[in-house]
$ cat target.txt   # compact mmCIF, N, CA and C atoms
# COMPACT_ATOMS: atom_id res chain seq x y z
N MET T 126 117.18 -19.47 -31.09
CA MET T 126 115.91 -19.16 -31.71
C MET T 126 115.14 -18.21 -30.80
N PRO T 127 114.69 -17.06 -31.32
CA PRO T 127 113.96 -16.12 -30.48
C PRO T 127 112.60 -16.67 -30.12
N THR T 128 112.16 -16.36 -28.94
CA THR T 128 110.84 -16.78 -28.52
C THR T 128 109.83 -15.70 -28.87
N THR T 129 108.65 -16.13 -29.15
CA THR T 129 107.56 -15.21 -29.50
C THR T 129 106.56 -15.22 -28.37
N LYS T 130 106.27 -14.05 -27.86
CA LYS T 130 105.27 -13.91 -26.81
C LYS T 130 103.95 -13.57 -27.49
N THR T 131 102.98 -14.41 -27.30
CA THR T 131 101.67 -14.18 -27.88
C THR T 131 100.65 -14.14 -26.76
N SER T 132 99.85 -13.11 -26.76
CA SER T 132 98.78 -13.04 -25.78
C SER T 132 97.47 -12.83 -26.51
N HIS T 133 96.44 -13.39 -25.98
CA HIS T 133 95.11 -13.26 -26.55
C HIS T 133 94.22 -12.64 -25.50
N ASN T 134 93.53 -11.59 -25.86
CA ASN T 134 92.63 -10.93 -24.94
C ASN T 134 91.25 -10.88 -25.58
N LEU T 135 90.30 -11.52 -24.99
CA LEU T 135 88.95 -11.57 -25.53
C LEU T 135 88.05 -10.80 -24.58
N THR T 136 87.42 -9.76 -25.09
CA THR T 136 86.52 -8.96 -24.25
C THR T 136 85.20 -8.78 -24.95
N THR T 137 84.17 -8.60 -24.17
CA THR T 137 82.86 -8.32 -24.74
C THR T 137 82.27 -7.10 -24.04
N SER T 138 81.60 -6.28 -24.80
CA SER T 138 80.87 -5.15 -24.22
C SER T 138 79.76 -4.78 -25.18
N ASP T 139 78.60 -4.52 -24.63
CA ASP T 139 77.43 -4.14 -25.43
C ASP T 139 77.23 -5.09 -26.61
N SER T 140 77.34 -6.37 -26.38
CA SER T 140 77.14 -7.41 -27.39
C SER T 140 78.17 -7.37 -28.51
N ASN T 141 79.24 -6.60 -28.35
CA ASN T 141 80.28 -6.59 -29.37
C ASN T 141 81.44 -7.45 -28.91
N LEU T 142 82.02 -8.17 -29.79
CA LEU T 142 83.14 -9.05 -29.48
C LEU T 142 84.39 -8.42 -30.07
N SER T 143 85.45 -8.29 -29.27
CA SER T 143 86.70 -7.78 -29.81
C SER T 143 87.82 -8.69 -29.38
N THR T 144 88.77 -8.88 -30.25
CA THR T 144 89.91 -9.74 -29.99
C THR T 144 91.17 -8.97 -30.30
N THR T 145 92.16 -9.10 -29.40
CA THR T 145 93.46 -8.49 -29.64
C THR T 145 94.51 -9.59 -29.54
N ILE T 146 95.37 -9.66 -30.52
CA ILE T 146 96.47 -10.61 -30.52
C ILE T 146 97.75 -9.81 -30.60
N SER T 147 98.65 -10.04 -29.65
CA SER T 147 99.92 -9.32 -29.64
C SER T 147 101.05 -10.31 -29.84
N SER T 148 101.98 -9.96 -30.69
CA SER T 148 103.13 -10.81 -30.94
C SER T 148 104.29 -9.93 -31.39
N ASN T 149 105.44 -10.05 -30.73
CA ASN T 149 106.63 -9.27 -31.10
C ASN T 149 106.32 -7.79 -31.24
N ASN T 150 105.66 -7.23 -30.25
CA ASN T 150 105.33 -5.80 -30.23
C ASN T 150 104.38 -5.37 -31.35
N THR T 151 103.69 -6.30 -31.97
CA THR T 151 102.70 -5.99 -32.99
C THR T 151 101.34 -6.40 -32.45
N THR T 152 100.40 -5.51 -32.55
CA THR T 152 99.05 -5.79 -32.06
C THR T 152 98.09 -5.84 -33.25
N LEU T 153 97.30 -6.87 -33.28
CA LEU T 153 96.31 -7.06 -34.34
C LEU T 153 94.96 -7.17 -33.66
N THR T 154 94.02 -6.37 -34.08
CA THR T 154 92.67 -6.45 -33.54
C THR T 154 91.73 -6.97 -34.61
N LEU T 155 90.59 -7.43 -34.17
CA LEU T 155 89.60 -7.99 -35.09
C LEU T 155 89.23 -7.00 -36.18
N SER T 156 89.19 -5.71 -35.85
CA SER T 156 88.82 -4.71 -36.85
C SER T 156 89.90 -4.55 -37.93
N ASP T 157 91.12 -5.06 -37.69
CA ASP T 157 92.18 -5.02 -38.69
C ASP T 157 92.02 -6.09 -39.76
N LEU T 158 91.19 -7.06 -39.48
CA LEU T 158 91.03 -8.18 -40.39
C LEU T 158 89.94 -7.89 -41.42
N PRO T 159 90.10 -8.42 -42.65
CA PRO T 159 89.03 -8.24 -43.64
C PRO T 159 87.81 -9.05 -43.26
N ASP T 160 86.69 -8.66 -43.80
CA ASP T 160 85.45 -9.40 -43.60
C ASP T 160 85.67 -10.83 -44.08
N ALA T 161 85.28 -11.79 -43.28
CA ALA T 161 85.50 -13.20 -43.63
C ALA T 161 84.85 -13.58 -44.94
N SER T 162 83.76 -12.92 -45.31
CA SER T 162 83.08 -13.26 -46.56
C SER T 162 83.91 -12.87 -47.78
N THR T 163 84.92 -12.03 -47.60
CA THR T 163 85.75 -11.62 -48.73
C THR T 163 87.06 -12.40 -48.81
N LEU T 164 87.31 -13.24 -47.83
CA LEU T 164 88.56 -14.01 -47.83
C LEU T 164 88.48 -15.14 -48.85
N GLN T 165 89.59 -15.39 -49.51
CA GLN T 165 89.66 -16.48 -50.46
C GLN T 165 90.92 -17.28 -50.21
N LEU T 166 90.80 -18.58 -50.29
CA LEU T 166 91.97 -19.42 -50.20
C LEU T 166 92.74 -19.36 -51.51
N PRO T 167 94.06 -19.46 -51.46
CA PRO T 167 94.80 -19.56 -52.72
C PRO T 167 94.28 -20.77 -53.49
N SER T 168 94.32 -20.69 -54.80
CA SER T 168 93.74 -21.75 -55.63
C SER T 168 94.44 -23.09 -55.44
N ASP T 169 95.68 -23.09 -54.93
CA ASP T 169 96.37 -24.36 -54.75
C ASP T 169 96.08 -25.01 -53.40
N ILE T 170 95.25 -24.36 -52.58
CA ILE T 170 94.84 -24.94 -51.30
C ILE T 170 93.40 -25.39 -51.44
N ALA T 171 93.19 -26.67 -51.33
CA ALA T 171 91.84 -27.20 -51.48
C ALA T 171 91.27 -27.55 -50.10
N ALA T 172 89.99 -27.35 -49.96
CA ALA T 172 89.32 -27.76 -48.73
C ALA T 172 89.37 -29.27 -48.64
N THR T 173 89.44 -29.79 -47.44
CA THR T 173 89.45 -31.24 -47.28
C THR T 173 88.14 -31.66 -46.62
N TYR T 174 87.59 -32.72 -47.14
CA TYR T 174 86.35 -33.24 -46.63
C TYR T 174 86.22 -34.67 -47.14
N PRO T 175 85.42 -35.47 -46.47
CA PRO T 175 85.27 -36.86 -46.91
C PRO T 175 84.41 -36.94 -48.17
N SER T 176 84.46 -38.08 -48.82
CA SER T 176 83.59 -38.31 -49.98
C SER T 176 82.14 -38.27 -49.52
N ALA T 177 81.23 -38.08 -50.44
CA ALA T 177 79.80 -38.02 -50.09
C ALA T 177 79.37 -39.29 -49.36
N SER T 178 79.86 -40.43 -49.79
CA SER T 178 79.45 -41.68 -49.14
C SER T 178 80.05 -41.83 -47.74
N ASP T 179 81.15 -41.12 -47.46
CA ASP T 179 81.78 -41.18 -46.13
C ASP T 179 81.38 -40.02 -45.22
N ALA T 180 80.65 -39.04 -45.73
CA ALA T 180 80.25 -37.88 -44.91
C ALA T 180 79.33 -38.35 -43.80
N THR T 181 79.58 -37.86 -42.59
CA THR T 181 78.77 -38.26 -41.45
C THR T 181 78.13 -37.08 -40.74
N THR T 182 78.49 -35.86 -41.14
CA THR T 182 77.92 -34.68 -40.48
C THR T 182 77.50 -33.67 -41.54
N MET T 183 76.61 -32.79 -41.16
CA MET T 183 76.21 -31.71 -42.06
C MET T 183 77.38 -30.77 -42.32
N ALA T 184 78.30 -30.66 -41.37
CA ALA T 184 79.49 -29.82 -41.60
C ALA T 184 80.31 -30.38 -42.77
N HIS T 185 80.44 -31.72 -42.84
CA HIS T 185 81.13 -32.34 -43.98
C HIS T 185 80.42 -31.99 -45.28
N VAL T 186 79.12 -32.17 -45.29
CA VAL T 186 78.32 -31.93 -46.49
C VAL T 186 78.42 -30.47 -46.92
N ARG T 187 78.26 -29.56 -45.98
CA ARG T 187 78.28 -28.13 -46.32
C ARG T 187 79.66 -27.67 -46.77
N THR T 188 80.70 -28.17 -46.14
CA THR T 188 82.07 -27.82 -46.55
C THR T 188 82.31 -28.29 -47.98
N ALA T 189 81.91 -29.49 -48.28
CA ALA T 189 82.09 -30.04 -49.63
C ALA T 189 81.30 -29.25 -50.65
N ILE T 190 80.04 -28.97 -50.35
CA ILE T 190 79.19 -28.23 -51.29
C ILE T 190 79.75 -26.83 -51.51
N ASP T 191 80.17 -26.15 -50.45
CA ASP T 191 80.75 -24.81 -50.60
C ASP T 191 81.99 -24.85 -51.48
N ASP T 192 82.85 -25.84 -51.26
CA ASP T 192 84.06 -25.95 -52.08
C ASP T 192 83.71 -26.25 -53.54
N LEU T 193 82.80 -27.17 -53.75
CA LEU T 193 82.38 -27.49 -55.12
C LEU T 193 81.74 -26.29 -55.80
N ASP T 194 80.93 -25.53 -55.07
CA ASP T 194 80.32 -24.33 -55.65
C ASP T 194 81.39 -23.32 -56.07
N ARG T 195 82.43 -23.16 -55.25
CA ARG T 195 83.52 -22.25 -55.63
C ARG T 195 84.20 -22.73 -56.91
N GLN T 196 84.41 -24.03 -57.01
CA GLN T 196 85.04 -24.58 -58.22
C GLN T 196 84.14 -24.38 -59.44
N ILE T 197 82.86 -24.62 -59.27
CA ILE T 197 81.91 -24.46 -60.37
C ILE T 197 81.89 -23.01 -60.85
N VAL T 198 81.81 -22.07 -59.93
CA VAL T 198 81.76 -20.65 -60.31
C VAL T 198 83.06 -20.23 -60.98
N THR T 199 84.18 -20.76 -60.50
CA THR T 199 85.47 -20.47 -61.15
C THR T 199 85.44 -20.96 -62.59
N LEU T 200 84.94 -22.15 -62.82
CA LEU T 200 84.84 -22.68 -64.19
C LEU T 200 83.85 -21.86 -65.02
N LEU T 201 82.76 -21.42 -64.41
CA LEU T 201 81.80 -20.59 -65.14
C LEU T 201 82.43 -19.26 -65.54
N GLY T 202 83.29 -18.72 -64.69
CA GLY T 202 84.01 -17.50 -65.03
C GLY T 202 84.91 -17.72 -66.24
N LYS T 203 85.60 -18.85 -66.26
CA LYS T 203 86.45 -19.17 -67.42
C LYS T 203 85.59 -19.35 -68.67
N ARG T 204 84.44 -20.00 -68.50
CA ARG T 204 83.53 -20.18 -69.63
C ARG T 204 83.08 -18.83 -70.18
N MET T 205 82.81 -17.88 -69.28
CA MET T 205 82.35 -16.56 -69.71
C MET T 205 83.41 -15.81 -70.49
N ARG T 206 84.67 -16.03 -70.19
CA ARG T 206 85.73 -15.37 -70.98
C ARG T 206 85.66 -15.83 -72.45
N TYR T 207 85.26 -17.09 -72.69
CA TYR T 207 85.11 -17.56 -74.06
C TYR T 207 83.86 -16.99 -74.71
N ILE T 208 82.83 -16.76 -73.92
CA ILE T 208 81.63 -16.08 -74.45
C ILE T 208 82.02 -14.68 -74.92
N GLU T 209 82.84 -14.01 -74.12
CA GLU T 209 83.31 -12.67 -74.48
C GLU T 209 84.21 -12.72 -75.72
N ALA T 210 85.00 -13.77 -75.85
CA ALA T 210 85.82 -13.94 -77.06
C ALA T 210 84.91 -14.12 -78.28
N ALA T 211 83.82 -14.86 -78.11
CA ALA T 211 82.88 -15.04 -79.22
C ALA T 211 82.29 -13.70 -79.64
N ALA T 212 81.98 -12.84 -78.67
CA ALA T 212 81.45 -11.50 -78.99
C ALA T 212 82.47 -10.70 -79.79
N ARG T 213 83.72 -10.90 -79.50
CA ARG T 213 84.79 -10.19 -80.22
C ARG T 213 84.97 -10.74 -81.63
N ILE T 214 84.78 -12.04 -81.78
CA ILE T 214 85.08 -12.72 -83.05
C ILE T 214 83.92 -12.70 -84.04
N LYS T 215 82.69 -12.84 -83.55
CA LYS T 215 81.55 -12.94 -84.46
C LYS T 215 81.40 -11.66 -85.28
N PRO T 216 81.19 -11.83 -86.59
CA PRO T 216 81.20 -10.67 -87.49
C PRO T 216 79.94 -9.81 -87.43
N ASN T 217 78.82 -10.40 -87.01
CA ASN T 217 77.59 -9.60 -86.97
C ASN T 217 76.73 -10.02 -85.78
N ARG T 218 75.84 -9.13 -85.41
CA ARG T 218 75.03 -9.34 -84.21
C ARG T 218 74.10 -10.54 -84.37
N GLU T 219 73.65 -10.81 -85.57
CA GLU T 219 72.75 -11.95 -85.79
C GLU T 219 73.43 -13.27 -85.45
N ALA T 220 74.74 -13.31 -85.51
CA ALA T 220 75.49 -14.54 -85.22
C ALA T 220 75.58 -14.82 -83.71
N VAL T 221 75.22 -13.84 -82.89
CA VAL T 221 75.31 -14.02 -81.44
C VAL T 221 74.43 -15.18 -81.00
N ARG T 222 73.20 -15.24 -81.49
CA ARG T 222 72.32 -16.37 -81.15
C ARG T 222 72.41 -17.39 -82.27
N ASP T 223 72.90 -18.55 -81.91
CA ASP T 223 73.04 -19.65 -82.85
C ASP T 223 72.27 -20.83 -82.27
N GLN T 224 71.01 -20.99 -82.67
CA GLN T 224 70.14 -21.99 -82.06
C GLN T 224 70.69 -23.39 -82.20
N TRP T 225 71.34 -23.69 -83.31
CA TRP T 225 71.95 -25.01 -83.47
C TRP T 225 72.95 -25.25 -82.35
N ARG T 226 73.77 -24.24 -82.04
CA ARG T 226 74.79 -24.37 -80.99
C ARG T 226 74.13 -24.49 -79.61
N VAL T 227 73.08 -23.74 -79.35
CA VAL T 227 72.36 -23.84 -78.08
C VAL T 227 71.88 -25.28 -77.88
N ASP T 228 71.23 -25.83 -78.89
CA ASP T 228 70.72 -27.20 -78.81
C ASP T 228 71.86 -28.20 -78.64
N ASP T 229 72.97 -27.98 -79.33
CA ASP T 229 74.12 -28.87 -79.25
C ASP T 229 74.72 -28.86 -77.84
N VAL T 230 74.88 -27.68 -77.25
CA VAL T 230 75.45 -27.57 -75.90
C VAL T 230 74.56 -28.31 -74.90
N ILE T 231 73.26 -28.06 -74.96
CA ILE T 231 72.34 -28.68 -74.00
C ILE T 231 72.30 -30.19 -74.19
N SER T 232 72.34 -30.65 -75.42
CA SER T 232 72.37 -32.08 -75.69
C SER T 232 73.62 -32.74 -75.11
N LYS T 233 74.77 -32.10 -75.30
CA LYS T 233 76.04 -32.65 -74.76
C LYS T 233 76.03 -32.65 -73.24
N VAL T 234 75.49 -31.61 -72.63
CA VAL T 234 75.43 -31.53 -71.17
C VAL T 234 74.53 -32.64 -70.62
N LYS T 235 73.39 -32.87 -71.25
CA LYS T 235 72.50 -33.92 -70.78
C LYS T 235 73.15 -35.30 -70.91
N ALA T 236 73.89 -35.50 -71.99
CA ALA T 236 74.59 -36.77 -72.16
C ALA T 236 75.64 -36.96 -71.06
N LYS T 237 76.40 -35.92 -70.76
CA LYS T 237 77.41 -36.00 -69.70
C LYS T 237 76.74 -36.22 -68.35
N ALA T 238 75.62 -35.56 -68.12
CA ALA T 238 74.89 -35.73 -66.86
C ALA T 238 74.53 -37.20 -66.65
N GLY T 239 74.09 -37.84 -67.70
CA GLY T 239 73.77 -39.26 -67.60
C GLY T 239 74.97 -40.11 -67.24
N GLU T 240 76.14 -39.71 -67.71
CA GLU T 240 77.37 -40.46 -67.41
C GLU T 240 77.82 -40.30 -65.96
N VAL T 241 77.48 -39.19 -65.33
CA VAL T 241 77.97 -38.91 -63.97
C VAL T 241 76.86 -38.98 -62.92
N ASP T 242 75.74 -39.63 -63.27
CA ASP T 242 74.64 -39.83 -62.34
C ASP T 242 74.06 -38.51 -61.82
N PHE T 243 73.90 -37.55 -62.74
CA PHE T 243 73.26 -36.27 -62.44
C PHE T 243 71.96 -36.26 -63.23
N PRO T 244 70.86 -35.80 -62.66
CA PRO T 244 69.59 -35.82 -63.39
C PRO T 244 69.68 -35.03 -64.72
N LYS T 245 69.43 -35.73 -65.81
CA LYS T 245 69.55 -35.11 -67.14
C LYS T 245 68.66 -33.89 -67.31
N GLU T 246 67.43 -34.00 -66.85
CA GLU T 246 66.49 -32.88 -67.03
C GLU T 246 66.95 -31.66 -66.24
N LEU T 247 67.46 -31.88 -65.04
CA LEU T 247 67.97 -30.77 -64.24
C LEU T 247 69.16 -30.13 -64.94
N ALA T 248 70.06 -30.95 -65.47
CA ALA T 248 71.21 -30.41 -66.21
C ALA T 248 70.73 -29.58 -67.39
N GLY T 249 69.73 -30.07 -68.10
CA GLY T 249 69.19 -29.33 -69.24
C GLY T 249 68.59 -28.00 -68.81
N GLU T 250 67.85 -28.00 -67.71
CA GLU T 250 67.24 -26.76 -67.21
C GLU T 250 68.30 -25.75 -66.77
N VAL T 251 69.29 -26.23 -66.03
CA VAL T 251 70.36 -25.34 -65.56
C VAL T 251 71.10 -24.74 -66.75
N TYR T 252 71.43 -25.57 -67.72
CA TYR T 252 72.17 -25.06 -68.87
C TYR T 252 71.32 -24.19 -69.78
N ALA T 253 70.02 -24.43 -69.85
CA ALA T 253 69.17 -23.54 -70.64
C ALA T 253 69.24 -22.13 -70.07
N VAL T 254 69.20 -22.00 -68.74
CA VAL T 254 69.32 -20.69 -68.10
C VAL T 254 70.71 -20.12 -68.32
N LEU T 255 71.74 -20.94 -68.13
CA LEU T 255 73.12 -20.49 -68.32
C LEU T 255 73.36 -20.01 -69.75
N VAL T 256 72.91 -20.77 -70.72
CA VAL T 256 73.13 -20.40 -72.13
C VAL T 256 72.38 -19.13 -72.48
N GLU T 257 71.14 -18.99 -72.04
CA GLU T 257 70.39 -17.76 -72.33
C GLU T 257 71.06 -16.55 -71.70
N GLY T 258 71.52 -16.69 -70.46
CA GLY T 258 72.24 -15.60 -69.81
C GLY T 258 73.54 -15.29 -70.53
N SER T 259 74.21 -16.32 -71.02
CA SER T 259 75.46 -16.13 -71.76
C SER T 259 75.22 -15.41 -73.08
N ILE T 260 74.12 -15.74 -73.74
CA ILE T 260 73.78 -15.07 -75.00
C ILE T 260 73.50 -13.59 -74.75
N ARG T 261 72.76 -13.29 -73.67
CA ARG T 261 72.51 -11.88 -73.34
C ARG T 261 73.83 -11.15 -73.05
N HIS T 262 74.71 -11.79 -72.32
CA HIS T 262 76.01 -11.19 -72.00
C HIS T 262 76.82 -10.98 -73.29
N GLU T 263 76.84 -11.99 -74.13
CA GLU T 263 77.57 -11.88 -75.39
C GLU T 263 77.01 -10.75 -76.25
N ASP T 264 75.69 -10.65 -76.31
CA ASP T 264 75.06 -9.59 -77.10
C ASP T 264 75.46 -8.21 -76.57
N ARG T 265 75.41 -8.04 -75.25
CA ARG T 265 75.83 -6.75 -74.66
C ARG T 265 77.28 -6.44 -75.01
N ARG T 266 78.13 -7.44 -74.91
CA ARG T 266 79.55 -7.22 -75.23
C ARG T 266 79.74 -6.93 -76.72
N TRP T 267 78.98 -7.61 -77.58
CA TRP T 267 79.08 -7.37 -79.01
C TRP T 267 78.74 -5.91 -79.31
N VAL T 268 77.64 -5.44 -78.71
CA VAL T 268 77.20 -4.06 -78.92
C VAL T 268 78.23 -3.07 -78.36
N GLU T 269 78.72 -3.33 -77.15
CA GLU T 269 79.73 -2.44 -76.54
C GLU T 269 80.96 -2.29 -77.42
N ARG T 270 81.42 -3.37 -78.01
CA ARG T 270 82.64 -3.34 -78.84
C ARG T 270 82.44 -2.54 -80.12
N ARG T 271 81.21 -2.54 -80.61
CA ARG T 271 80.97 -1.91 -81.91
C ARG T 271 80.19 -0.61 -81.81
N GLY T 272 79.78 -0.27 -80.61
CA GLY T 272 79.08 0.99 -80.40
C GLY T 272 77.72 1.08 -81.04
N GLU T 273 77.05 -0.01 -81.16
CA GLU T 273 75.68 -0.01 -81.76
C GLU T 273 74.63 0.14 -80.70

$ encode --input "target.txt" --output "structure tokens"
Amino acid sequence: MPTTKTSHNLTTSDSNLSTTISSNNTTLTLSDLPDASTLQLPSDIAATYPSASDATTMAHVRTAIDDLDRQIVTLLGKRMRYIEAAARIKPNREAVRDQWRVDDVISKVKAKAGEVDFPKELAGEVYAVLVEGSIRHEDRRWVERRGE
């Protein structure tokens, strides 16, 4: 089995931090790496953290919240694809806003919130904003598809 020589060189100058990692005649510097804010874990790798009742540090809490936020936004993205499908399917622009459906969605969300110990009023407020934004998005997409 070949051995791998790895060296780490950490230097600082003028408040700048640079790191060089060498392995098998390949050198990687910090500037070769993408910005950490753009990195994403593959969807099959989940962050690990204790349950809320077992969390003992703010790092546990923040890791969990960040992971849950990523999951929520991923689901919102999937939800938006169906909003866009509705824009494609609805026959006229007046059908984009369906107040009965708005009320139905918010009612169902509040009921689910009660089942999972989430404040119903907060769920209603969050979804009222989400639904209104979704209607605006759907309307824009409806117009774009038909050139009106």

$ residues_around --input "target.txt" --residues "range 199-208 of chain T" --least-positions-apart "4" --cutoff "7 Å" --atoms "all atoms listed in the file" --output "PDB file with N, CA and C atoms, keeping the file's coordinate frame"
ATOM      1  N   ASP T 194      80.930 -25.530 -55.070  1.00  0.00           N
ATOM      2  CA  ASP T 194      80.320 -24.330 -55.650  1.00  0.00           C
ATOM      3  C   ASP T 194      81.390 -23.320 -56.070  1.00  0.00           C
ATOM      4  N   ARG T 195      82.430 -23.160 -55.250  1.00  0.00           N
ATOM      5  CA  ARG T 195      83.520 -22.250 -55.630  1.00  0.00           C
ATOM      6  C   ARG T 195      84.200 -22.730 -56.910  1.00  0.00           C
ATOM      7  N   ALA T 212      81.980 -12.840 -78.670  1.00  0.00           N
ATOM      8  CA  ALA T 212      81.450 -11.500 -78.990  1.00  0.00           C
ATOM      9  C   ALA T 212      82.470 -10.700 -79.790  1.00  0.00           C
ATOM     10  N   ARG T 213      83.720 -10.900 -79.500  1.00  0.00           N
ATOM     11  CA  ARG T 213      84.790 -10.190 -80.220  1.00  0.00           C
ATOM     12  C   ARG T 213      84.970 -10.740 -81.630  1.00  0.00           C
ATOM     13  N   SER T 259      74.210 -16.320 -71.020  1.00  0.00           N
ATOM     14  CA  SER T 259      75.460 -16.130 -71.760  1.00  0.00           C
ATOM     15  C   SER T 259      75.220 -15.410 -73.080  1.00  0.00           C
ATOM     16  N   HIS T 262      74.710 -11.790 -72.320  1.00  0.00           N
ATOM     17  CA  HIS T 262      76.010 -11.190 -72.000  1.00  0.00           C
ATOM     18  C   HIS T 262      76.820 -10.980 -73.290  1.00  0.00           C
ATOM     19  N   GLU T 263      76.840 -11.990 -74.130  1.00  0.00           N
ATOM     20  CA  GLU T 263      77.570 -11.880 -75.390  1.00  0.00           C
ATOM     21  C   GLU T 263      77.010 -10.750 -76.250  1.00  0.00           C
TER      22      GLU T 263
END

$ axis_aligned_box --input "target.txt" --around "range 235-241 of chain T" --padding-each-side "3 Å" --output "JSON"
{"center_x": 75.2, "center_y": -36.7, "center_z": -67.5, "size_x": 11.5, "size_y": 13.6, "size_z": 15.2}

$ atom_distance --input "target.txt" --atom1 "CA of Thr188 in chain T" --atom2 "CA of Tyr174 in chain T"
6.9 Å

$ closest_residue --input "target.txt" --among "T:Val230, T:Ala211, T:Trp267, T:Pro175" --to "Tyr252 in chain T" --atoms "only C-alpha atoms"
T:Val230

$ atom_distance --input "target.txt" --atom1 "CA of Arg266 in chain T" --atom2 "CA of Ala248 in chain T"
26.2 Å

$ closest_residue --input "target.txt" --among "T:Val227, T:Ala236, T:Ala210, T:Met183" --to "Val256 in chain T" --atoms "all atoms listed in the file"
T:Val227

$ atom_distance --input "target.txt" --atom1 "CA of Gly249 in chain T" --atom2 "CA of Lys235 in chain T"
5.9 Å

$ residues_around --input "target.txt" --residues "range 243-245 of chain T" --least-positions-apart "5" --cutoff "10 Å" --atoms "only C-alpha atoms" --output "PyMOL selection string"
chain T and resi 231-232+234-238+250-251

$ decode --input "target.txt" --residues "range 190-201 of chain T" --atoms "C-alpha atoms" --output "tab-separated table (two decimals), in the first residue's frame"
chain	number	residue	atom	x	y	z
T	190	ILE	CA	-32.19	24.59	13.16
T	191	ASP	CA	-29.87	25.09	10.16
T	192	ASP	CA	-30.51	21.54	8.99
T	193	LEU	CA	-34.27	21.86	9.46
T	194	ASP	CA	-34.26	25.19	7.60
T	195	ARG	CA	-32.48	23.54	4.66
T	196	GLN	CA	-35.09	20.79	4.64
T	197	ILE	CA	-37.95	23.29	4.84
T	198	VAL	CA	-36.58	25.38	1.96
T	199	THR	CA	-36.07	22.23	-0.12
T	200	LEU	CA	-39.72	21.32	0.44
T	201	LEU	CA	-40.78	24.89	-0.37
